[in-house]
Number of protein chains: 2
Amino acid sequence: MMLKTPNEIDIVRAKSSKITEVDFENLSFGNIFTDHMLVCDFKNGKWEKPIIKPYEPFLIDPSAKVFHYGQAIFEGMKAYKDNQDDVWLFRPDENFHRFNKSASRMAMPEVPEDIFIGGLKTIVDLERDWVKKGLGNTLYLRPFMIAIGSGVIAQPSTQYRFMIILSPARSYYQGEVKVIIAEHYSRAANGGIGAAKAAGNYSAQFYPQKLAQEKGFQQIIWTDDATHTKLEEAGTMNVFFRINDTIITAPVSERILDGVTRKSLIALAKREGINIEERDVLVNEIVKAAKDGSLKEIFGAGTAAVVSPIVGFQYQEHYYELPKLENSLAMHLKEEITKIQYKLADDTFGWTVKI
Amino acid sequence: MMLKTPNEIDIVRAKSSKITEVDFENLSFGNIFTDHMLVCDFKNGKWEKPIIKPYEPFLIDPSAKVFHYGQAIFEGMKAYKDNQDDVWLFRPDENFHRFNKSASRMAMPEVPEDIFIGGLKTIVDLERDWVKKGLGNTLYLRPFMIAIGSGVIAQPSTQYRFMIILSPARSYYQGEVKVIIAEHYSRAANGGIGAAKAAGNYSAQFYPQKLAQEKGFQQIIWTDDATHTKLEEAGTMNVFFRINDTIITAPVSERILDGVTRKSLIALAKREGINIEERDVLVNEIVKAAKDGSLKEIFGAGTAAVVSPIVGFQYQEHYYELPKLENSLAMHLKEEITKIQYKLADDTFGWTVKI
């Protein structure tokens, strides 16, 4: 059955839905996908018409540039269902603009708003049954673009595929999160692609992450690659530090992703009069604060993880445990952002967009 | 027709060959592939049996890790045909070992020698008609590995595909090569993946390369990302500088690829008593040498480009033209390595391997 949407996206519906086979109470992150996907190809210098069709594998040439030169970017977003069964996106404009910044840095074509935002709205609307009510239930949205042009010469592709796939999700990190501060390995170079949500940034972290996990740490807090003295981000999360009643976080840069959750938490903290500083965070000052007891909290912030409290960190073979607080600012900010996302509080910022 | 080779690689032959349609006099690099490809999957913790079959697109899940997290590595190699119609590889053991170093850095499984080397020998033997006689004619070999496991969570894949595809090739760079020295953008971080032949390292360079090309430069010589004072490599080539009669090149490091052509040229130069130094190469000393006339040559070295003389470089808005020499060491070393590759000179190093 071929339908047309007002914004000219062709829809080929799946013959049946997999939804009844899904155990929504026991989801492991990012493993199950909904019935449909959006596909839109870029060829001959322009974007073709998007199509939404059944989720399925696709054919690609072995010499496709994405396999050999890594032209691939993505975004991570979520859809939320409120108590009235309405479905909402959170700041999709931010992801749209960041996606196109990533595209530009990776020499890929920008995706027009009607394809990115219009496509998201159309496919989320089609899959609204996959968005479950209740705090913590979300539909994780993964817009991404890959270079599908063929040829093993190190030059940008002339053909690309933009896709949106959707995965019902609960929490990303389960259990306690302990981190280790990077002393040798690095995530990003000055003048590199650290600020882009490029595929290559993630696999570059897998080996050091494996080493960290073998030592019992779930995540690495990356430091600047030249001196390893500044704390930057955690790869899938930006990182916040609370010293006494001040929260500090590294400023975004060409090495650090401009996180949507990060900027939302900063805005929320400011609205509540919490003292929050965007400035270089030195390893030394955090170690010193941990030693003298003024370091109260560390937490990560990202779309997948939302707000992820960290229970302790390792640096130079020494483990620093963080106090267990009654009045955690991390948990407070998590509550505030969650209430907006699920429409349980007034969205005074105008961040939510109804599907 | 299903054949078995002694080393247990299944072969499914193409019904007909595309070879008669190929204009071997006018090849653009990396665009045409031979009739067959090798495919070998890693699943459940082990490598399955390799198969050689007709070159064709394959099916892959939209959530494959290679698209989202960039787990992808490759090697670049060449096969050569001598005047007796024998076909040769050049130092395949070097590529094999480097491939597995890249695999390890990208948290991917190592490929066993019988699959990598055995697979190369078997498929090159099958495609030997695609290796044309005559200096400059080669069959470019592209072993690569991608993460085919599905799931949009930033963790290493559990499933991988190793493939070998083959492309008849002549020269990589055509015409004069002018370069620009990087002053802002960078290729690799300290503690990053610069020494790995990882896909993500290449797309990271595309945007700065585009900017360079718009200014009339074919390549960038990358500098260290922290200070931009040390000359490193050119992304697809290592770089050599000749000051008077001494050749200098940066030492390999975690930021610089351990090039097979690079180490071969160093060995050849040493054998001939040419003074060659592996040490930090400072931008300042090269600019000073260009100004005082002691800088005689710059050249790139890599499998695809072989030896690529550079006619001049740009730094801080100033263009430095290199002299046109009668006795170019670059051209001399290129001749020496080429003679070994095509079996026109004794291979005293034992670098060539007969198919």
# chains A, B, ... in the order shown; residues from 1 in each chain; ligands from 1
$ residues_around --residues "Ser17 (chain A)" --least-positions-apart "2" --cutoff "12 Å" --atoms "only C-alpha atoms" --output "list of chain:residue names"
A:Arg13, A:Ala14, A:Lys15, A:Ile19, A:Thr20, A:Glu21, A:Val22, A:Phe33, A:Thr34, A:Asp35, A:His36, A:Pro54, A:Tyr55, A:Leu126, A:Glu127, A:Asp129, A:Trp130
$ residues_around --residues "region 141-155 of chain A" --least-positions-apart "5" --cutoff "6 Å" --atoms "only C-alpha atoms" --output "VMD selection string"
(chain A and resid 63 to 66 71 to 78 160 to 166) or (chain B and resid 30 to 31)
$ closest_residue --among "B:Thr261, B:Thr352, B:Ser328, B:Gln314" --to "Ala212 (chain B)" --atoms "only C-alpha atoms"
B:Gln314
$ closest_residue --among "B:Phe67, B:Phe90, B:Phe349, B:Phe58" --to "Thr303 (chain B)" --atoms "only C-alpha atoms"
B:Phe90
$ closest_residue --among "B:Ile117, B:Val87, B:Val131, B:Ala196" --to "chain A" --atoms "only C-alpha atoms"
B:Ala196
$ select_by_dssp --residues "region 270-336 of chain B" --states "strand (DSSP E)" --output "ChimeraX atom specification"
/B:275-278,281-282,295-302,306-315,318-321
$ residues_around --residues "region 223-236 of chain B" --least-positions-apart "2" --cutoff "8 Å" --atoms "only C-alpha atoms" --output "PyMOL selection string"
(chain A and resi 154+189-191+225-226) or (chain B and resi 181-189+202+205+219-221+238-239+250+256-257+280-284+300+302+304)
$ closest_residue --among "B:Val177, B:Val306, B:Ile32, B:Leu139" --to "chain A" --atoms "only C-alpha atoms"
B:Ile32
$ residues_around --residues "Pro323 (chain A)" --least-positions-apart "4" --cutoff "9 Å" --atoms "only C-alpha atoms" --output "NGL selection string"
:A and (293 or 295-297 or 311-312)
$ closest_residue --among "B:Ala169, B:Ser104, B:Lys343, B:Asn83" --to "Lys210 (chain A)" --atoms "only C-alpha atoms"
B:Ser104
$ residues_around --residues "Ala267 (chain A)" --least-positions-apart "2" --cutoff "12 Å" --atoms "only C-alpha atoms" --output "JSON, numbers by chain"
{"A": [260, 261, 262, 263, 264, 265, 269, 270, 271, 272, 273, 274, 275, 276, 277, 278, 333, 336, 337, 348, 349, 351]}
$ atom_distance --atom1 "CA of Gly200 (chain B)" --atom2 "CA of Lys121 (chain B)"
27.9 Å
$ residues_around --residues "Ala330 (chain A)" --least-positions-apart "2" --cutoff "10 Å" --atoms "only C-alpha atoms" --output "ChimeraX atom specification"
/A:240-242,247,265,297-301,307-310,327-328,332-336
$ atom_distance --atom1 "CA of Lys46 (chain A)" --atom2 "CA of Leu120 (chain A)"
19.6 Å
$ closest_residue --among "A:Gly45, A:Gly192, A:Gly134, A:Pro168" --to "chain B" --atoms "only C-alpha atoms"
A:Gly192
$ select_by_dssp --residues "region 89-284 of chain B" --states "alpha helix (DSSP H)" --output "VMD selection string"
chain B and resid 92 to 105 113 to 126 199 to 214 260 to 271 283 to 284
$ atom_distance --atom1 "CA of Asp86 (chain B)" --atom2 "CA of Phe24 (chain B)"
18.6 Å
